[in-house]
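What follows is a set of notes on a single structure, which appears directly below.
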Amino acid sequence: MTPEEIQRALAEKFGEAVGALQPANKDPWVEVKPASLREVCAFLKADPELRFDCLMNLSALDYPKKNQIHVVYHLYSYEKRHTFILKALLDRAAPAVPSLEPVWKSADWLEREQFDLMGVQFEGHPDLRRILLPDDWIGNPLRKDYKEETHYHQMSTTRESPLDGFVRLDELKKRAAAASAEAAAEKKDLPS
Amino acid sequence: MTEARRAPESPTMEMTSNKEILRRIEYTGDMLLNMGPQHPSTHGVINFLVQTDGEVMKRAIPEVGYLHRSIEKIGEKCTYNGFMPYTDRVDYIAAMFANQGWAMVVERLIGAEVPKRAEYCRVIACELNRISSHLISVGTMAMDVGAVTPFPYALREREFINDLLEELCGARLTYNYLRIGGVAFDLPEGYGEKVITFLDHFEKILVEFGRLITYNEIFVQRLAGLAPIPREMAIDYCLVGPNLRASGVNFDVRKDEPYSIYPELQFDVPVGHGQMGALGDAWDRFWIRTEEMKQSCRILRQCIAQIPKGEVMGKVPRKIKPPEGVEAYSRIESARGDMQYYAVSGGTENAYRVKVRTGSFTAMGIIDALSRGLMIADLVALIASLDVVAPEIDR
């Protein structure tokens with residue numbers, strides 16, 4: 001099925017909760033209200049015409065200017081060989097969206113990754129904890145306004161640049177030439 | 001045999017942190033074993049928290065992140081062209097595919113065309129890389145289950161490929177060969193003959209390898225029926241590539257979501273059918289990789305015969321600056337399966353967001369569910385059969 005047909009099927013079933021197809025992009029996507037996300041996904045998986053049996057990818061985008069975080073779901077159907085993209089638009093201050101772990105098992109680790117790096121809360125996730133970073137890490141690095149702490153367990157997170165104080169060889173030669181020229185000029189000025 | 005070794009259903013434990021896991025395990029009187037982070041069979045730095053009662057595991061919880069370098073954040077900080085060398089580090093066993101995924105997603109963003117000859121160069125480089133990656137995979141897997149001999153056999157053949165790739169792009173591990181809109185260098189003179197000479201030699205070795213290890217009675221006994229992954233479970237956990245095909249799903253991105261010049265090439269997609277034990281067991285996953293190497297040889301021969309003359313770089317603007325808000329998605333069949341890049345443009349020379357979905361990451365997610373009731377020695381075989389590579393998990 002084409003994305004247009006899938007969107008029509010969703011809009012018929014869920015009405016307001018599913019937005020229009022956004023064809024301005026290379027890959028069209030559809031906005032889904034977070035409150036009805038899990039029902040929409042369960043329908044996408046179970047419907048005999050759609051049969052989206054795999055959650056391929058889950059990523060999140062941070063938009064500080066719009067004050068939004070978008071969670072992007074890439075779905076694929078191995079049975080019907082079609083793909084579809086959903087987006088949930090969340091408030092940046094408290095991003096929370098229902099977990100899809102009960103629908104697709106692959107959501108378990110993919111959601112943990114976005115919780116870790118982007119700070120999105122997945123409500124109803126069985127084991128929501130950091131996955132790539134240590135448990136006591138502060139902040140979510142993929143946020144646009146993330147500032148790294150200067151120290152982690154008294155270890156510095158920055159290091160001196162090996163290029164500090166570095167002077168190019170031709171610059172050194174230029175300086176030497178200038179110095180010798182100056183010395184020669186001084187010598188000239190001296191009364192003989 | 002199959003039924004006995006499959007993990008029984010056990011109640012799932014809820015937990016919040018590693019300390020919590022420790023506390024509960026102490027309470028129940030089971031033994032907690034830290035397998036890793038430095039362990040020869042984990043193929044990189046991965047830790048497994050193994051809860052055991054004797055030799056039998058109750059569960060093994062993978063702890064990843066030791067190799068996290070935040071490659072996605074780096075992608076936001078450097079230009080589209082400048083990110084290419086970093087993609088090598090996503091998966092250093094099969095760096096050519098990570099290159100291709102990135103090149104393809106940016107080409108989709110800006111709508112660039114790639115010349116035909118460059119596409120052939122890409123496929124030749126990628127298929128060589130697929131063989132070398134699978135050689136590492138089958139070699140280390142054989143070593144992990146106790147057969148040391150096949151490992152140097154596999155590495156010896158891999159050396160020939162390393163030499164070929166070095167001649168092509170000057171590097172033996174992190175190639176940085178692809179460019180957005182083409183490839184960095186044309187094939188050197190006489191390259192086709194060298195590849196054919198290697199293939200003539202290698203196809204004989206593959207037969208020998210099959211006799212030596214794949215159909216070896218002891219090896220089959222060790223792996224057949226071990227940790228089978230049913231078809232539905234494989235799809236549900238988003239397993240990809242050889243692991244998915246071993247479970248009987250006939251899906252290959254090269255065939256089913258075709259890209260590059262793969263529609264013009266003749267090759268088969270090997271699918272597991274449980275010929276030695278259960279469908280989707282560790283032996284099936286091993287066998288799929290040996291079969292894929294044969295198919296890669298077929299593809300390489302066709303490419304060498306068909307490669308057209310022409311340019312190797314398409315017309316790409318010097319400064320790549322896609323309009324704001326455009327997003328693109330690319331899927332390629334890496335050695336470890338369906339590798340996906342998702343890139344969003346912010347209207348500048350840097351990407352607004354880069355996301356790399358790799359096969360190893362989702363493959364690690366299934367280990368917890370599969371490990372219940374397995375022996376500790378079987379966990380080693382399970383990890384090896386899934387062919388996970390630590391940098392690809394952590395990125």
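In the structure tokens, chains take the letters A, B, ... in the order shown, each chain's residues start at 1, and ligands count up from 1 in the order shown.
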
| said: Could you pull out the helix (DSSP H, G or I) residues of segment 86-224 of chain B, going by DSSP on the backbone, and write them as JSON, numbers by chain? | reply: {"B": [86, 87, 88, 95, 96, 97, 98, 99, 100, 101, 102, 103, 104, 105, 106, 107, 108, 109, 110, 116, 117, 118, 119, 120, 121, 122, 123, 124, 125, 126, 127, 128, 129, 130, 131, 132, 133, 134, 135, 136, 137, 138, 139, 140, 141, 142, 143, 144, 150, 151, 152, 153, 154, 155, 156, 157, 158, 159, 160, 161, 162, 163, 164, 165, 166, 167, 168, 169, 191, 192, 193, 194, 195, 196, 197, 198, 199, 200, 201, 202, 203, 204, 205, 206, 207, 208, 209, 210, 211, 212, 213, 214, 217, 218, 219, 220, 221, 222, 223]}

Counting only C-alpha atoms, give me one row per residue of segment 62-91 of chain B with an atom at most 12 Å from an atom of segment 107-131 of chain B, showing the shortest contact pair and its distance in Å to one decimal, sorted by chain then residue number, as a Markdown table.
| residue | atom | partner | partner_atom | distance |
| --- | --- | --- | --- | --- |
| B:Tyr80 | CA | B:Glu107 | CA | 10.3 |
| B:Asn81 | CA | B:Glu107 | CA | 11.2 |
| B:Asp91 | CA | B:Asn129 | CA | 11.6 |

| Test item: chain A residues at most 8 Å from chain B, counting only C-alpha atoms, as number ranges by chain | A: 24-27, 53-57, 59, 61, 78, 81, 104-110, 126-129, 131-135, 141-142

Go ahead and write the selection's residues with C-alpha atoms as a compact mmCIF listing (two decimals), in the first residue's frame.
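Produced file again-v2.txt, reproduced below:
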# COMPACT_ATOMS: atom_id res chain seq x y z
CA ALA A 24 6.81 18.23 1.45
CA ASN A 25 9.57 15.88 2.50
CA LYS A 26 11.36 13.12 0.63
CA ASP A 27 9.75 10.54 2.87
CA ASP A 53 5.11 -6.38 11.95
CA CYS A 54 8.40 -4.56 12.55
CA LEU A 55 9.46 -1.32 14.19
CA MET A 56 12.64 -0.64 12.24
CA ASN A 57 13.85 2.56 13.74
CA SER A 59 14.64 8.34 16.72
CA LEU A 61 14.52 15.23 17.08
CA TYR A 78 7.82 -7.92 6.02
CA ARG A 81 6.68 -5.02 1.96
CA TRP A 104 6.87 -4.45 19.16
CA LYS A 105 9.65 -5.96 21.26
CA SER A 106 12.35 -4.09 19.35
CA ALA A 107 10.98 -0.90 20.91
CA ASP A 108 12.52 -1.99 24.22
CA TRP A 109 16.11 -1.10 23.38
CA LEU A 110 15.30 1.60 20.84
CA PRO A 126 9.18 -2.20 31.62
CA ASP A 127 12.81 -1.29 32.16
CA LEU A 128 13.47 2.35 31.34
CA ARG A 129 17.08 3.10 32.29
CA ILE A 131 21.68 2.13 27.99
CA LEU A 132 24.70 3.72 26.33
CA LEU A 133 25.79 6.15 29.02
CA PRO A 134 26.58 5.34 32.67
CA ASP A 135 23.66 5.37 35.13
CA PRO A 141 23.74 14.65 25.01
CA LEU A 142 21.63 14.79 21.86

| What lies within 9 Å of Lys144 of chain A using only C-alpha atoms, ignoring chain neighbours under 5 positions off, as JSON, numbers by chain? | {"A": [62, 63, 64]}

| Residues within 8 Å of segment 66-74 of chain A, only C-alpha atoms, excluding chain neighbours under 5 positions, as a PyMOL selection string | chain A and resi 55-61+83-93+95

Filtering to C-alpha atoms, could you give me those residues as a compact mmCIF listing (two decimals), in the first residue's frame?
# COMPACT_ATOMS: atom_id res chain seq x y z
CA LEU A 55 9.46 -1.32 14.19
CA MET A 56 12.64 -0.64 12.24
CA ASN A 57 13.85 2.56 13.74
CA LEU A 58 12.97 4.97 16.48
CA SER A 59 14.64 8.34 16.72
CA ALA A 60 13.95 11.69 18.30
CA LEU A 61 14.52 15.23 17.08
CA THR A 83 6.91 1.22 4.94
CA PHE A 84 5.37 4.06 6.91
CA ILE A 85 6.60 6.88 9.14
CA LEU A 86 4.85 8.19 12.25
CA LYS A 87 5.78 11.21 14.31
CA ALA A 88 4.68 12.18 17.79
CA LEU A 89 5.13 15.88 18.60
CA LEU A 90 5.88 16.37 22.28
CA ASP A 91 6.34 19.29 24.62
CA ARG A 92 10.05 19.91 25.12
CA ALA A 93 9.81 20.63 28.85
CA PRO A 95 8.41 14.94 26.70

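Of the residues under consideration (B:Gly182, B:Gly347, B:Ala224, B:Thr174), B:Gly347 shows the shortest atom-to-atom contact distance to Glu324 of chain B when counting only C-alpha atoms.
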
| query | B:Thr79, B:Pro263, B:Glu392, B:Gly248: which is nearest Pro322 of chain B, counting only C-alpha atoms? | reply |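 Of B:Thr79, B:Pro263, B:Glu392, B:Gly248, the one nearest Pro322 of chain B, counting only C-alpha atoms, is B:Thr79.
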